[in-house]
Amino acid sequence: MNHSSAGARFHYVVRALLLAALAIYVMHLNESNLLEYYLAPQMQTLLLLCPVPLLFIAFGMVYHAVMGDAGDVCDCEHPHPRGVVRNLTVYGLFALPLLFGLLVPDQPLASSMAAKKGMVYTYPNPDVRTGSENVPGDSDAAGSARAPNPTGNESSPVDPFAPRDKYSVEFAELAKRLYAMPSVTVRPEIFSETVGAIEMYKPVFAGKPISVQGFVFRDDSMDKNMFAVSRFLLMCCTADAVPFGILVSGEQASRFENDTWVSIEGTVQTVKIEGEERLLIQAESIEAIEEPASPYIFTNPDSVAAFDELYPAAQP
Amino acid sequence: MKIPAFFKWLPFFLPLLFLFPALMTMPRSGLALLGSTEVQQLKTVFIGIFLEALPFVLLGVLISSLLQIFVKEEWVRRLTPKHPVPGVLFASLLGMILPVCECGMIPVVRRLMLKGMPAYVGITFLLSGPILNPVVLAATMMAFRSHPEITIGRMGLAFMIAVTIGLLVFAFVKNNPLKRSFHDFTAEVEAAGSRPSHAHSKTWRSLFVHAGDEMVDMGKYLVLGAFVTACIQAFIPREELLSLASGPMSSYLFMMGLAFVLSLCSTSDAFVASAFTHTFTVGPLVSFLVLGPMLDFKTLLMLSAAFKTRFVIALSVVIVTLVFVGSLIANILLGG
């Protein structure tokens with residue numbers, strides 16, 4: 001009896017140590033700003049609520065193991081694993097994230113993962129293919145055909161940024177503001193929305209100066225003067241990350257290795273690839289930069305408001 | 001006084017404590033052997049999934065421990081409707097007021113069932129909760145802004161399947177499907193009654209001990225699920241998977257298989273699905289959105305922690321079949 005009680009106490013201490021180590025790992029990631037590599041901001045907030053309860057639980061378990069009466073320390077609720085091998089498996093499994101966390105260097109998602117997931121070059125457009133119309137890119141064609149007045153003269157009586165439907169009002173509004181700027185800077189806060197807005201009005205934005213930062217991604221089909229300047233778009237965590245890129249063409253392009261972070265200045269162009277009109281930046285200068293502290297981009301619930309906040313002076 | 005053997009061994013473990021700071025200060029470059037790109041990317045996805053699920057699992061086990069200590073069996077029995085149909089309908093809409101995602105759901109449901117909630121009510125709640133809740137509704141509507149039929153299809157199908165399976169469980173499952181049966185549970189408590197000191201004290205301490213036990217219990221399955229999912233994401237190109245889905249039927253199987261292996265959280269899967277909108281019709285998309293939260297690699301392992309293996313297998317087969325048939329019908333009704 002005494003022996004099994006000691007065994008139960010031992011299990012409680014091991015479990016408590018594992019939970020405490022987990023709490024410390026989360027705090028360590030937060031201290032060194034590494035949570036940015038794994039989670040979207042709202043999930044980071046949720047995660048940071050965890051260490052305190054985890055430490056309380058660990059403390060409670062140690063207290064229970066050391067101070068509990070013999071009869072109190074029982075394993076009736078959750079049978080403890082029996083045998084050395086099973087013990088090692090169960091606790092080893094729980095320790096796996098900790099081992100990975102300590103032994104493998106922290107790295108943000110990179111171009112090799114982008115290749116596995118498949119690079120996305122167009123803003124994930126929520127158009128569902130229906131059974132009857134099987135023409136891919138059908139909606140794109142309709143969109144560019146209907147974007148009137150490619151010269152984009154603002155004094156023109158026809159508004160070049162008339163929204164296509166009620167769902168593109170936000171992008172139309174954003175595009176109007178972006179176009180009013182002398183040169184478009186793709187800010188990380190509204191990265192996907194900015195690219196989406198430019199893409200929606202590709203003909204209007206053609207020739208507009210643009211600057212953007214991201215990492216270099218290439219696939220086999222690109223010629224050597226081309227790459228895609230890319231960011232991963234996260235919803236919650238790295239499992240749902242979508243690699244999102246803009247094609248870049250320029251003479252210096254071949255000098256930059258995959259995964260190098262670059263800053264690009266150039267002009268907006270379009271190019272036809274695989275029967276699809278895609279956005280292309282004709283680069284005037286490409287410079288290597290430091291990897292930003294927050295390598296991913298996130299969706300913004302209100303990109304127009306975010307734009308106004310970023311450029312308070314530019315409000316129409 | 002006899003000193004328990006444990007205390008004799010305790011000092012030997014003290015040096016282990018120094019391992020933590022030593023490991024923490026290890027240079028970030030880590031071991032060269034583990035520094036290959038593939039392993040690093042695997043780690044990024046693995047830790048990402050694990051950390052994302054952690055708050056929800058913790059919330060689930062804390063709620064479960066609170067239920068264990070403060071909710072009496074009679075309350076659960078009195079609150080549950082007597083007739084199966086209102087019982088199932090009540091359970092399928094419970095998620096609307098209790099938005100817990102799938103990882104947090106399993107410990108809560110297991111606890112409620114140990115407290116005497118009928119299996120059919122528990123299972124219905126388990127299946128509908130992660131989909132039929134306001135957070136997921138909002139996320140799906142955001143991701144498919146211009147296609148409300150996807151949201152309608154997802155919510156409708158999830159409701160139908162949860163209710164159907166609830167009624168099936170009521171009709172066919174007579175034994176308790178939990179691993180720890182209710183009878184064992186009460187028998188043990190009664191047997192322990194002869195030793196008065198054994199009765200579990202309802203204190204903060206037992207709250208934490210229960211939560212910690214359950215955390216390790218659920219955690220190991222979460223880790224395994226997250227790890228396998230991360231391996232699949234890091235080593236198998238999605239285009240290769242997509243090339244398998246050429247025919248109209250295989251597109252359903254592909255999307256369901258993808259939902260199973262990706263093990264996404266139900267709040268974020270709609271966005272991933274929206275990347276496939278140019279490739280697939282309404283049916284496969286709905287099958288992805290309904291199957292994922294009900295059954296994926298991570299939850300399957302966590303389910304097998306709580307339920308008997310035979311029950312988990314039967315449940316999985318029924319879910320897959322119903323989702324397949326249901327999304328075929330949804331495609332005809334909504335796809336036009």
# chains A, B, ... in the order shown; residues from 1 in each chain; ligands from 1

call {"tool": "residues_around", "arguments": {"residues": "range 228-236 of chain B", "least_positions_apart": "2", "cutoff": "9 Å", "atoms": "only C-alpha atoms", "output": "list in words"}}
result
Ser112, Met113, Lys116, Lys117 and Ala239 of chain A; Glu38, Val39, Gln41, Leu42, Lys43, Thr44, Val45, Phe46, Ile47, Ile49, Val223, Leu224, Gly225, Ala226, Arg238, Glu239, Glu240, Leu241, Val261, Leu262, Ser263, Phe297 and Lys298 of chain B

call {"tool": "write_last_selection", "arguments": {"atoms": "C-alpha atoms", "output": "PDB file, in the first residue's frame"}}
result
ATOM      1  CA  SER A 112      10.152  25.512 -48.771  1.00  0.00           C
ATOM      2  CA  MET A 113       6.829  25.479 -46.913  1.00  0.00           C
ATOM      3  CA  LYS A 116       4.513  22.615 -50.225  1.00  0.00           C
ATOM      4  CA  LYS A 117       1.393  24.663 -49.595  1.00  0.00           C
ATOM      5  CA  ALA A 239      -1.247  25.416 -39.689  1.00  0.00           C
TER       6      ALA A 239
ATOM      7  CA  GLU B  38      12.469  20.550 -43.238  1.00  0.00           C
ATOM      8  CA  VAL B  39      12.735  19.870 -39.508  1.00  0.00           C
ATOM      9  CA  GLN B  41       9.426  24.004 -40.818  1.00  0.00           C
ATOM     10  CA  LEU B  42       7.964  20.924 -39.162  1.00  0.00           C
ATOM     11  CA  LYS B  43       8.649  22.480 -35.780  1.00  0.00           C
ATOM     12  CA  THR B  44       7.052  25.789 -36.763  1.00  0.00           C
ATOM     13  CA  VAL B  45       3.794  24.080 -37.744  1.00  0.00           C
ATOM     14  CA  PHE B  46       3.846  21.575 -34.864  1.00  0.00           C
ATOM     15  CA  ILE B  47       4.428  24.158 -32.124  1.00  0.00           C
ATOM     16  CA  ILE B  49      -0.876  23.939 -33.702  1.00  0.00           C
ATOM     17  CA  VAL B 223       0.592  16.406 -29.102  1.00  0.00           C
ATOM     18  CA  LEU B 224       0.406  13.280 -31.231  1.00  0.00           C
ATOM     19  CA  GLY B 225      -2.312  14.760 -33.443  1.00  0.00           C
ATOM     20  CA  ALA B 226      -0.475  18.043 -33.871  1.00  0.00           C
ATOM     21  CA  ARG B 238      -0.560  19.957 -51.487  1.00  0.00           C
ATOM     22  CA  GLU B 239      -0.482  19.942 -55.287  1.00  0.00           C
ATOM     23  CA  GLU B 240       0.283  16.233 -55.238  1.00  0.00           C
ATOM     24  CA  LEU B 241      -2.741  15.653 -53.051  1.00  0.00           C
ATOM     25  CA  VAL B 261      -5.391  15.418 -41.808  1.00  0.00           C
ATOM     26  CA  LEU B 262      -5.100  19.209 -41.465  1.00  0.00           C
ATOM     27  CA  SER B 263      -6.803  19.243 -38.017  1.00  0.00           C
ATOM     28  CA  PHE B 297      -6.761  13.491 -36.597  1.00  0.00           C
ATOM     29  CA  LYS B 298      -6.361  15.499 -33.414  1.00  0.00           C
TER      30      LYS B 298
END

call {"tool": "residues_around", "arguments": {"residues": "Tyr296 in chain A", "least_positions_apart": "5", "cutoff": "12 Å", "atoms": "only C-alpha atoms", "output": "CSV table (one decimal) with C-alpha atoms, in the first residue's frame"}}
result
chain,number,residue,atom,x,y,z
A,35,LEU,CA,5.4,33.8,-30.4
A,36,GLU,CA,5.2,35.9,-33.6
A,37,TYR,CA,6.6,32.9,-35.4
A,38,TYR,CA,3.8,30.6,-34.4
A,39,LEU,CA,0.5,32.5,-33.7
A,40,ALA,CA,-1.7,35.3,-34.9
A,41,PRO,CA,-1.9,38.3,-32.4
A,107,GLN,CA,12.3,29.7,-37.7
A,108,PRO,CA,9.4,31.4,-39.3
A,109,LEU,CA,7.7,29.6,-42.2
A,110,ALA,CA,9.8,29.9,-45.3
A,188,PRO,CA,2.3,44.9,-43.5
A,189,GLU,CA,-0.8,45.9,-41.5
A,190,ILE,CA,-3.0,45.9,-44.6
A,191,PHE,CA,-0.8,43.8,-46.9
A,192,SER,CA,-3.3,41.4,-48.4
A,213,GLN,CA,8.8,44.1,-48.5
A,214,GLY,CA,8.8,40.3,-48.2
A,215,PHE,CA,10.9,37.2,-48.7
A,230,SER,CA,6.0,36.8,-50.4
A,231,ARG,CA,4.5,36.8,-47.0
A,232,PHE,CA,2.5,34.2,-45.1
A,233,LEU,CA,-1.0,35.2,-44.3
A,234,LEU,CA,-2.2,33.7,-40.9
A,235,MET,CA,-5.7,33.4,-39.5
A,236,CYS,CA,-4.9,31.6,-36.2
A,237,CYS,CA,-1.7,29.7,-36.3
A,238,THR,CA,1.0,28.4,-38.7
A,240,ASP,CA,-3.6,27.7,-41.6
A,241,ALA,CA,-1.0,29.9,-43.1
A,242,VAL,CA,-1.5,30.8,-46.8
A,243,PRO,CA,1.6,31.9,-48.7
A,244,PHE,CA,0.8,35.1,-50.6
A,291,GLU,CA,13.9,39.9,-41.4

call {"tool": "residues_around", "arguments": {"residues": "Met222 in chain A", "least_positions_apart": "6", "cutoff": "12 Å", "atoms": "only C-alpha atoms", "output": "list in words"}}
result
Ala228, Leu247, Val248, Ser249, Ala253, Ser254, Ile273 and Glu274 of chain A

call {"tool": "write_last_selection", "arguments": {"atoms": "N, CA and C atoms", "output": "short mmCIF file (atom, residue, chain, number, x, y, z; two decimals), in the first residue's frame"}}
result
data_model
loop_
_atom_site.label_atom_id
_atom_site.label_comp_id
_atom_site.auth_asym_id
_atom_site.auth_seq_id
_atom_site.Cartn_x
_atom_site.Cartn_y
_atom_site.Cartn_z
N ALA A 228 8.94 35.79 -56.60
CA ALA A 228 7.73 36.34 -55.99
C ALA A 228 8.14 36.92 -54.64
N LEU A 247 4.43 38.72 -58.08
CA LEU A 247 5.55 38.48 -58.98
C LEU A 247 6.40 39.74 -59.12
N VAL A 248 7.71 39.55 -59.16
CA VAL A 248 8.64 40.66 -59.34
C VAL A 248 9.56 40.30 -60.49
N SER A 249 9.77 41.28 -61.38
CA SER A 249 10.68 41.04 -62.47
C SER A 249 11.71 42.16 -62.47
N ALA A 253 17.18 40.59 -60.04
CA ALA A 253 16.41 39.58 -59.30
C ALA A 253 17.19 38.29 -59.06
N SER A 254 18.00 37.89 -60.04
CA SER A 254 18.68 36.60 -59.92
C SER A 254 19.73 36.60 -58.81
N ILE A 273 -0.06 34.77 -67.17
CA ILE A 273 0.60 33.50 -66.90
C ILE A 273 -0.47 32.42 -66.77
N GLU A 274 -0.30 31.36 -67.54
CA GLU A 274 -1.25 30.25 -67.53
C GLU A 274 -2.68 30.75 -67.74
#

call {"tool": "closest_residue", "arguments": {"among": "A:Ala95, A:Ala293, A:Ile57, A:Val186", "to": "chain B", "atoms": "only C-alpha atoms"}}
result
A:Ile57

call {"tool": "select_by_dssp", "arguments": {"residues": "range 79-287 of chain B", "states": "alpha helix (DSSP H)", "output": "PyMOL selection string"}}
result
chain B and resi 79+84-92+102-114+119-128+134-143+148-172+182-192+204-235+238-242+248-262+269-274+282-287

call {"tool": "atom_distance", "arguments": {"atom1": "CA of Val262 in chain A", "atom2": "CA of Glu287 in chain A"}}
result
5.3 Å

call {"tool": "residues_around", "arguments": {"residues": "Ala330 in chain B", "least_positions_apart": "5", "cutoff": "8 Å", "atoms": "only C-alpha atoms", "output": "list of chain:residue names"}}
result
B:Gly153, B:Leu157, B:Val282, B:Gly283, B:Val286, B:Gly335

call {"tool": "residues_around", "arguments": {"residues": "range 108-113 of chain B", "least_positions_apart": "5", "cutoff": "10 Å", "atoms": "only C-alpha atoms", "output": "MDAnalysis selection string"}}
result
chainID B and resid 57 59:68 71 73 76:77 100 103 118:126 176:182 303 305:307

call {"tool": "residues_around", "arguments": {"residues": "Ile286 in chain A", "least_positions_apart": "3", "cutoff": "8 Å", "atoms": "only C-alpha atoms", "output": "list in words"}}
result
Gln252, Ala253, Val262, Ser263, Ile264, Glu265 and Ala283 of chain A

call {"tool": "write_last_selection", "arguments": {"atoms": "C-alpha atoms", "output": "mmCIF file, in the first residue's frame"}}
result
data_model
loop_
_atom_site.group_PDB
_atom_site.id
_atom_site.type_symbol
_atom_site.label_atom_id
_atom_site.label_comp_id
_atom_site.auth_asym_id
_atom_site.auth_seq_id
_atom_site.Cartn_x
_atom_site.Cartn_y
_atom_site.Cartn_z
ATOM 1 C CA GLN A 252 19.017 42.178 -60.302
ATOM 2 C CA ALA A 253 16.412 39.579 -59.296
ATOM 3 C CA VAL A 262 14.020 42.170 -49.676
ATOM 4 C CA SER A 263 12.598 45.631 -50.124
ATOM 5 C CA ILE A 264 11.400 46.371 -53.639
ATOM 6 C CA GLU A 265 10.726 49.664 -55.439
ATOM 7 C CA ALA A 283 11.519 46.356 -60.112
#

call {"tool": "closest_residue", "arguments": {"among": "B:Met218, B:Ile332, B:Val209, B:Met141", "to": "chain A", "atoms": "only C-alpha atoms"}}
result
B:Val209

call {"tool": "atom_distance", "arguments": {"atom1": "CA of Tyr201 in chain A", "atom2": "CA of Ala313 in chain A"}}
result
23.7 Å
